Amino acid sequence: MPPDPPHRAYYRSVAGNWQGPLDLALTDWNAFRASALRRADRLRLLSMLLTARLLGPCRLETSVDASGADRDLIVHTTRVTKWGITLMRSVEHIALAADGRGARMRIEMRLAPALWRTRVESDTPVVVTAAGDGASYRFAWLGAAMRQEAARSADGNRVMLTQTTAFSRGVQVLQRHPPA
């Protein structure tokens with residue numbers, strides 16, 4: 001049986017549950033003010049930053065379901081919580097491309113306090129590294145262009161996500177849960 005292409009190998013290697021503290025900082029107030037974020041999204045972002053500053057970081061929990069990898073389908077979920085209260089929830093459906101490294105992602109995101117409203121971002125690009133140890137994502141987050149770089153540790157028990165917009169930066173270090 002031939003080896004998996006890089007994208008399939010990557011998602012299979014990160015299948016399971018992950019968690020860690022949410023690290024997010026506003027890096028450019030002028031870019032934040034100039035951004036096209038809606039007022040409600042600005043308030044959500046500022047309240048999340050204020051909450052983290054006053055009460056400690058929120059929690060980021062993710063899962064990767066690679067059971068559909070043979071059919072080139074991956075399901076990724078994300079949840080941001082504080083004290084068990086969900087602040088953001090999303091489901092990402094990732095369709096792996098025939099080239100072995102590319103993919104397209106469809107994101108369905110819900111944000112507090114309106115968790116019943118779903119925002120959909122379709123056809124966002126994903127590229128997995130040739131070595132199958134990381135991935136690069138481009139998508140809209142709260143209406144702002146976000147770049148996310150993911151890198152899996154050599155032991156397979158950590159993933160580092162670096163997320164940047166014109167006005168923010170976050171570095172998330174997620175641990176496999178439970179550890180392998």
# chains A, B, ... in the order shown; residues from 1 in each chain; ligands from 1

call {"tool": "residues_around", "arguments": {"residues": "Leu45 (chain A)", "least_positions_apart": "3", "cutoff": "12 Å", "atoms": "only C-alpha atoms", "output": "mmCIF file with all heavy atoms, in the first residue's frame"}}
result
data_model
loop_
_atom_site.group_PDB
_atom_site.id
_atom_site.type_symbol
_atom_site.label_atom_id
_atom_site.label_comp_id
_atom_site.auth_asym_id
_atom_site.auth_seq_id
_atom_site.Cartn_x
_atom_site.Cartn_y
_atom_site.Cartn_z
ATOM 1 N N LEU A 24 -4.031 35.620 22.925
ATOM 2 C CA LEU A 24 -4.406 36.563 21.881
ATOM 3 C C LEU A 24 -4.074 37.960 22.368
ATOM 4 O O LEU A 24 -4.369 38.308 23.518
ATOM 5 C CB LEU A 24 -5.899 36.456 21.574
ATOM 6 C CG LEU A 24 -6.459 37.405 20.518
ATOM 7 C CD1 LEU A 24 -5.853 37.128 19.153
ATOM 8 C CD2 LEU A 24 -7.966 37.288 20.463
ATOM 9 N N ALA A 25 -3.454 38.756 21.513
ATOM 10 C CA ALA A 25 -3.117 40.131 21.879
ATOM 11 C C ALA A 25 -3.395 41.057 20.701
ATOM 12 O O ALA A 25 -3.188 40.690 19.540
ATOM 13 C CB ALA A 25 -1.643 40.221 22.259
ATOM 14 N N LEU A 26 -3.867 42.235 21.023
ATOM 15 C CA LEU A 26 -4.021 43.293 20.023
ATOM 16 C C LEU A 26 -2.632 43.888 19.821
ATOM 17 O O LEU A 26 -1.983 44.299 20.784
ATOM 18 C CB LEU A 26 -4.988 44.354 20.556
ATOM 19 C CG LEU A 26 -6.083 44.822 19.630
ATOM 20 C CD1 LEU A 26 -6.837 43.706 18.990
ATOM 21 C CD2 LEU A 26 -7.016 45.758 20.327
ATOM 22 N N PHE A 32 -6.688 47.981 14.113
ATOM 23 C CA PHE A 32 -7.944 47.519 14.696
ATOM 24 C C PHE A 32 -9.058 48.526 14.417
ATOM 25 O O PHE A 32 -10.144 48.167 13.976
ATOM 26 C CB PHE A 32 -7.776 47.289 16.201
ATOM 27 C CG PHE A 32 -9.034 46.894 16.912
ATOM 28 C CD1 PHE A 32 -9.607 45.651 16.698
ATOM 29 C CD2 PHE A 32 -9.649 47.759 17.807
ATOM 30 C CE1 PHE A 32 -10.769 45.269 17.363
ATOM 31 C CE2 PHE A 32 -10.806 47.389 18.481
ATOM 32 C CZ PHE A 32 -11.366 46.148 18.252
ATOM 33 N N LEU A 37 -14.265 45.255 10.909
ATOM 34 C CA LEU A 37 -15.033 44.501 11.892
ATOM 35 C C LEU A 37 -16.314 45.240 12.248
ATOM 36 O O LEU A 37 -16.317 46.464 12.382
ATOM 37 C CB LEU A 37 -14.228 44.308 13.178
ATOM 38 C CG LEU A 37 -13.394 43.044 13.279
ATOM 39 C CD1 LEU A 37 -12.255 43.085 12.301
ATOM 40 C CD2 LEU A 37 -12.879 42.885 14.681
ATOM 41 N N ARG A 38 -17.381 44.456 12.387
ATOM 42 C CA ARG A 38 -18.642 45.038 12.838
ATOM 43 C C ARG A 38 -18.514 45.425 14.305
ATOM 44 O O ARG A 38 -17.683 44.886 15.035
ATOM 45 C CB ARG A 38 -19.780 44.034 12.649
ATOM 46 C CG ARG A 38 -20.031 43.720 11.175
ATOM 47 C CD ARG A 38 -21.167 42.784 10.998
ATOM 48 N NE ARG A 38 -20.878 41.502 11.664
ATOM 49 C CZ ARG A 38 -21.683 40.479 11.683
ATOM 50 N NH1 ARG A 38 -22.854 40.549 11.088
ATOM 51 N NH2 ARG A 38 -21.354 39.364 12.291
ATOM 52 N N ARG A 39 -19.359 46.333 14.720
ATOM 53 C CA ARG A 39 -19.315 46.819 16.101
ATOM 54 C C ARG A 39 -19.435 45.681 17.116
ATOM 55 O O ARG A 39 -18.693 45.614 18.098
ATOM 56 C CB ARG A 39 -20.417 47.846 16.316
ATOM 57 C CG ARG A 39 -20.385 48.437 17.686
ATOM 58 C CD ARG A 39 -21.456 49.460 17.874
ATOM 59 N NE ARG A 39 -21.073 50.280 19.007
ATOM 60 C CZ ARG A 39 -21.497 51.464 19.219
ATOM 61 N NH1 ARG A 39 -22.325 52.029 18.384
ATOM 62 N NH2 ARG A 39 -21.109 52.136 20.267
ATOM 63 N N ALA A 40 -20.373 44.768 16.890
ATOM 64 C CA ALA A 40 -20.560 43.643 17.811
ATOM 65 C C ALA A 40 -19.297 42.779 17.881
ATOM 66 O O ALA A 40 -18.923 42.301 18.955
ATOM 67 C CB ALA A 40 -21.761 42.805 17.387
ATOM 68 N N ASP A 41 -18.609 42.585 16.752
ATOM 69 C CA ASP A 41 -17.393 41.779 16.744
ATOM 70 C C ASP A 41 -16.250 42.496 17.455
ATOM 71 O O ASP A 41 -15.442 41.865 18.137
ATOM 72 C CB ASP A 41 -17.004 41.410 15.316
ATOM 73 C CG ASP A 41 -17.981 40.428 14.708
ATOM 74 O OD1 ASP A 41 -18.621 39.669 15.469
ATOM 75 O OD2 ASP A 41 -18.124 40.418 13.472
ATOM 76 N N ARG A 42 -16.183 43.810 17.313
ATOM 77 C CA ARG A 42 -15.174 44.582 18.055
ATOM 78 C C ARG A 42 -15.394 44.414 19.558
ATOM 79 O O ARG A 42 -14.448 44.201 20.312
ATOM 80 C CB ARG A 42 -15.272 46.061 17.701
ATOM 81 C CG ARG A 42 -14.768 46.411 16.348
ATOM 82 C CD ARG A 42 -15.017 47.908 16.085
ATOM 83 N NE ARG A 42 -14.836 48.187 14.687
ATOM 84 C CZ ARG A 42 -13.655 48.418 14.120
ATOM 85 N NH1 ARG A 42 -12.569 48.437 14.863
ATOM 86 N NH2 ARG A 42 -13.566 48.648 12.832
ATOM 87 N N MET A 48 -13.254 39.692 25.228
ATOM 88 C CA MET A 48 -12.443 38.489 25.409
ATOM 89 C C MET A 48 -11.046 38.866 25.920
ATOM 90 O O MET A 48 -10.510 38.235 26.829
ATOM 91 C CB MET A 48 -12.351 37.704 24.101
ATOM 92 C CG MET A 48 -11.762 36.332 24.277
ATOM 93 S SD MET A 48 -11.998 35.205 22.896
ATOM 94 C CE MET A 48 -11.591 36.160 21.474
ATOM 95 N N LEU A 49 -10.466 39.927 25.358
ATOM 96 C CA LEU A 49 -9.148 40.380 25.796
ATOM 97 C C LEU A 49 -9.195 40.891 27.234
ATOM 98 O O LEU A 49 -8.302 40.601 28.038
ATOM 99 C CB LEU A 49 -8.617 41.469 24.861
ATOM 100 C CG LEU A 49 -8.298 40.996 23.441
ATOM 101 C CD1 LEU A 49 -8.030 42.187 22.540
ATOM 102 C CD2 LEU A 49 -7.130 40.034 23.445
ATOM 103 N N LEU A 50 -10.237 41.639 27.577
ATOM 104 C CA LEU A 50 -10.387 42.164 28.935
ATOM 105 C C LEU A 50 -10.606 41.026 29.937
ATOM 106 O O LEU A 50 -10.013 41.008 31.019
ATOM 107 C CB LEU A 50 -11.539 43.168 28.999
ATOM 108 C CG LEU A 50 -11.773 43.832 30.355
ATOM 109 C CD1 LEU A 50 -10.544 44.622 30.787
ATOM 110 C CD2 LEU A 50 -12.998 44.734 30.297
ATOM 111 N N THR A 51 -11.428 40.062 29.571
ATOM 112 C CA THR A 51 -11.664 38.905 30.432
ATOM 113 C C THR A 51 -10.352 38.178 30.718
ATOM 114 O O THR A 51 -10.052 37.830 31.858
ATOM 115 C CB THR A 51 -12.675 37.939 29.785
ATOM 116 O OG1 THR A 51 -13.921 38.617 29.639
ATOM 117 C CG2 THR A 51 -12.866 36.680 30.607
ATOM 118 N N ALA A 52 -9.560 37.959 29.667
ATOM 119 C CA ALA A 52 -8.280 37.262 29.833
ATOM 120 C C ALA A 52 -7.344 38.058 30.738
ATOM 121 O O ALA A 52 -6.647 37.481 31.587
ATOM 122 C CB ALA A 52 -7.639 37.015 28.474
ATOM 123 N N LEU A 87 -17.802 30.439 24.539
ATOM 124 C CA LEU A 87 -17.761 31.776 23.960
ATOM 125 C C LEU A 87 -17.732 31.731 22.438
ATOM 126 O O LEU A 87 -18.181 32.656 21.776
ATOM 127 C CB LEU A 87 -16.536 32.540 24.473
ATOM 128 C CG LEU A 87 -16.420 32.645 25.999
ATOM 129 C CD1 LEU A 87 -15.098 33.287 26.379
ATOM 130 C CD2 LEU A 87 -17.607 33.410 26.557
ATOM 131 N N MET A 88 -17.171 30.664 21.901
ATOM 132 C CA MET A 88 -17.122 30.465 20.458
ATOM 133 C C MET A 88 -17.096 28.977 20.176
ATOM 134 O O MET A 88 -16.461 28.214 20.910
ATOM 135 C CB MET A 88 -15.869 31.106 19.850
ATOM 136 C CG MET A 88 -15.883 31.042 18.330
ATOM 137 S SD MET A 88 -14.242 30.967 17.576
ATOM 138 C CE MET A 88 -13.866 29.243 17.753
ATOM 139 N N LEU A 111 -20.783 32.481 17.804
ATOM 140 C CA LEU A 111 -20.155 33.304 18.827
ATOM 141 C C LEU A 111 -21.154 33.714 19.892
ATOM 142 O O LEU A 111 -22.301 34.025 19.582
ATOM 143 C CB LEU A 111 -19.571 34.577 18.190
ATOM 144 C CG LEU A 111 -18.501 34.348 17.136
ATOM 145 C CD1 LEU A 111 -18.361 35.564 16.250
ATOM 146 C CD2 LEU A 111 -17.187 34.023 17.799
ATOM 147 N N ALA A 112 -20.685 33.745 21.144
ATOM 148 C CA ALA A 112 -21.528 34.233 22.236
ATOM 149 C C ALA A 112 -21.746 35.733 22.041
ATOM 150 O O ALA A 112 -20.894 36.413 21.476
ATOM 151 C CB ALA A 112 -20.858 33.962 23.573
ATOM 152 N N TRP A 141 -11.794 35.746 10.109
ATOM 153 C CA TRP A 141 -12.111 35.579 11.528
ATOM 154 C C TRP A 141 -12.699 36.894 12.014
ATOM 155 O O TRP A 141 -12.055 37.932 11.960
ATOM 156 C CB TRP A 141 -10.853 35.233 12.305
ATOM 157 C CG TRP A 141 -11.081 35.029 13.763
ATOM 158 C CD1 TRP A 141 -11.706 33.976 14.345
ATOM 159 C CD2 TRP A 141 -10.689 35.899 14.820
ATOM 160 N NE1 TRP A 141 -11.727 34.137 15.699
ATOM 161 C CE2 TRP A 141 -11.104 35.314 16.020
ATOM 162 C CE3 TRP A 141 -10.022 37.115 14.870
ATOM 163 C CZ2 TRP A 141 -10.891 35.900 17.252
ATOM 164 C CZ3 TRP A 141 -9.807 37.698 16.093
ATOM 165 C CH2 TRP A 141 -10.231 37.095 17.269
ATOM 166 N N LEU A 142 -13.967 36.855 12.399
ATOM 167 C CA LEU A 142 -14.723 38.051 12.768
ATOM 168 C C LEU A 142 -14.726 39.069 11.629
ATOM 169 O O LEU A 142 -14.820 40.263 11.856
ATOM 170 C CB LEU A 142 -14.158 38.691 14.044
ATOM 171 C CG LEU A 142 -14.176 37.846 15.302
ATOM 172 C CD1 LEU A 142 -13.548 38.610 16.458
ATOM 173 C CD2 LEU A 142 -15.574 37.406 15.659
ATOM 174 N N GLY A 143 -14.569 38.603 10.409
ATOM 175 C CA GLY A 143 -14.568 39.486 9.255
ATOM 176 C C GLY A 143 -13.194 39.983 8.868
ATOM 177 O O GLY A 143 -13.041 40.667 7.850
ATOM 178 N N ALA A 144 -12.158 39.659 9.639
ATOM 179 C CA ALA A 144 -10.789 40.092 9.325
ATOM 180 C C ALA A 144 -10.018 38.931 8.718
ATOM 181 O O ALA A 144 -10.207 37.776 9.101
ATOM 182 C CB ALA A 144 -10.092 40.565 10.599
ATOM 183 N N PHE A 167 -4.213 43.326 12.957
ATOM 184 C CA PHE A 167 -4.228 44.000 14.251
ATOM 185 C C PHE A 167 -4.004 43.087 15.460
ATOM 186 O O PHE A 167 -4.018 43.548 16.600
ATOM 187 C CB PHE A 167 -5.556 44.748 14.445
ATOM 188 C CG PHE A 167 -6.757 43.871 14.279
ATOM 189 C CD1 PHE A 167 -7.208 43.056 15.300
ATOM 190 C CD2 PHE A 167 -7.437 43.858 13.072
ATOM 191 C CE1 PHE A 167 -8.307 42.243 15.135
ATOM 192 C CE2 PHE A 167 -8.545 43.047 12.896
ATOM 193 C CZ PHE A 167 -8.981 42.240 13.928
ATOM 194 N N SER A 168 -3.810 41.787 15.238
ATOM 195 C CA SER A 168 -3.678 40.882 16.383
ATOM 196 C C SER A 168 -2.700 39.755 16.091
ATOM 197 O O SER A 168 -2.364 39.478 14.939
ATOM 198 C CB SER A 168 -5.039 40.284 16.751
ATOM 199 O OG SER A 168 -5.492 39.415 15.722
#

call {"tool": "residues_around", "arguments": {"residues": "Glu61 (chain A)", "least_positions_apart": "5", "cutoff": "10 Å", "atoms": "only C-alpha atoms", "output": "list in words"}}
result
Asn17, Trp18, Gln19, Gly20, Pro21, Leu22, Thr77, Thr78, Arg79, Val80, Thr81, Arg89, Leu174, Gln175, Arg176 and His177 of chain A

call {"tool": "select_by_dssp", "arguments": {"residues": "region 15-49 of chain A", "states": "helix (DSSP H, G or I)", "output": "ChimeraX atom specification"}}
result
/A:29-34,39-49

call {"tool": "write_last_selection", "arguments": {"atoms": "N, CA, C and O atoms", "output": "mmCIF file, in the first residue's frame"}}
result
data_model
loop_
_atom_site.group_PDB
_atom_site.id
_atom_site.type_symbol
_atom_site.label_atom_id
_atom_site.label_comp_id
_atom_site.auth_asym_id
_atom_site.auth_seq_id
_atom_site.Cartn_x
_atom_site.Cartn_y
_atom_site.Cartn_z
ATOM 1 N N TRP A 29 -3.436 49.015 17.394
ATOM 2 C CA TRP A 29 -4.722 49.655 17.645
ATOM 3 C C TRP A 29 -5.217 50.432 16.431
ATOM 4 O O TRP A 29 -6.415 50.461 16.153
ATOM 5 N N ASN A 30 -4.309 51.052 15.674
ATOM 6 C CA ASN A 30 -4.734 51.794 14.473
ATOM 7 C C ASN A 30 -5.332 50.840 13.437
ATOM 8 O O ASN A 30 -6.351 51.144 12.829
ATOM 9 N N ALA A 31 -4.698 49.691 13.239
ATOM 10 C CA ALA A 31 -5.234 48.701 12.297
ATOM 11 C C ALA A 31 -6.564 48.149 12.806
ATOM 12 O O ALA A 31 -7.474 47.887 12.014
ATOM 13 N N PHE A 32 -6.688 47.981 14.113
ATOM 14 C CA PHE A 32 -7.944 47.519 14.696
ATOM 15 C C PHE A 32 -9.058 48.526 14.417
ATOM 16 O O PHE A 32 -10.144 48.167 13.976
ATOM 17 N N ARG A 33 -8.778 49.805 14.666
ATOM 18 C CA ARG A 33 -9.786 50.847 14.417
ATOM 19 C C ARG A 33 -10.130 50.947 12.931
ATOM 20 O O ARG A 33 -11.265 51.217 12.570
ATOM 21 N N ALA A 34 -9.148 50.712 12.051
ATOM 22 C CA ALA A 34 -9.365 50.833 10.603
ATOM 23 C C ALA A 34 -9.990 49.574 9.992
ATOM 24 O O ALA A 34 -10.432 49.607 8.845
ATOM 25 N N ARG A 39 -19.359 46.333 14.720
ATOM 26 C CA ARG A 39 -19.315 46.819 16.101
ATOM 27 C C ARG A 39 -19.435 45.681 17.116
ATOM 28 O O ARG A 39 -18.693 45.614 18.098
ATOM 29 N N ALA A 40 -20.373 44.768 16.890
ATOM 30 C CA ALA A 40 -20.560 43.643 17.811
ATOM 31 C C ALA A 40 -19.297 42.779 17.881
ATOM 32 O O ALA A 40 -18.923 42.301 18.955
ATOM 33 N N ASP A 41 -18.609 42.585 16.752
ATOM 34 C CA ASP A 41 -17.393 41.779 16.744
ATOM 35 C C ASP A 41 -16.250 42.496 17.455
ATOM 36 O O ASP A 41 -15.442 41.865 18.137
ATOM 37 N N ARG A 42 -16.183 43.810 17.313
ATOM 38 C CA ARG A 42 -15.174 44.582 18.055
ATOM 39 C C ARG A 42 -15.394 44.414 19.558
ATOM 40 O O ARG A 42 -14.448 44.201 20.312
ATOM 41 N N LEU A 43 -16.650 44.506 19.967
ATOM 42 C CA LEU A 43 -16.964 44.357 21.383
ATOM 43 C C LEU A 43 -16.658 42.943 21.878
ATOM 44 O O LEU A 43 -16.162 42.768 22.993
ATOM 45 N N ARG A 44 -16.958 41.943 21.067
ATOM 46 C CA ARG A 44 -16.645 40.551 21.447
ATOM 47 C C ARG A 44 -15.141 40.386 21.657
ATOM 48 O O ARG A 44 -14.701 39.791 22.644
ATOM 49 N N LEU A 45 -14.367 40.888 20.713
ATOM 50 C CA LEU A 45 -12.920 40.755 20.793
ATOM 51 C C LEU A 45 -12.377 41.503 22.007
ATOM 52 O O LEU A 45 -11.590 40.958 22.789
ATOM 53 N N LEU A 46 -12.808 42.731 22.203
ATOM 54 C CA LEU A 46 -12.329 43.509 23.345
ATOM 55 C C LEU A 46 -12.753 42.882 24.670
ATOM 56 O O LEU A 46 -11.966 42.857 25.624
ATOM 57 N N SER A 47 -13.966 42.343 24.746
ATOM 58 C CA SER A 47 -14.404 41.712 25.999
ATOM 59 C C SER A 47 -13.610 40.442 26.270
ATOM 60 O O SER A 47 -13.284 40.145 27.425
ATOM 61 N N MET A 48 -13.254 39.692 25.228
ATOM 62 C CA MET A 48 -12.443 38.489 25.409
ATOM 63 C C MET A 48 -11.046 38.866 25.920
ATOM 64 O O MET A 48 -10.510 38.235 26.829
ATOM 65 N N LEU A 49 -10.466 39.927 25.358
ATOM 66 C CA LEU A 49 -9.148 40.380 25.796
ATOM 67 C C LEU A 49 -9.195 40.891 27.234
ATOM 68 O O LEU A 49 -8.302 40.601 28.038
#

call {"tool": "select_by_dssp", "arguments": {"residues": "region 1-167 of chain A", "states": "strand (DSSP E)", "output": "ChimeraX atom specification"}}
result
/A:16-21,25-26,59-65,73-82,85-96,102-111,114-128,134-141,144-152,158-164

call {"tool": "atom_distance", "arguments": {"atom1": "CA of Ile107 (chain A)", "atom2": "CA of Ile74 (chain A)"}}
result
12.1 Å
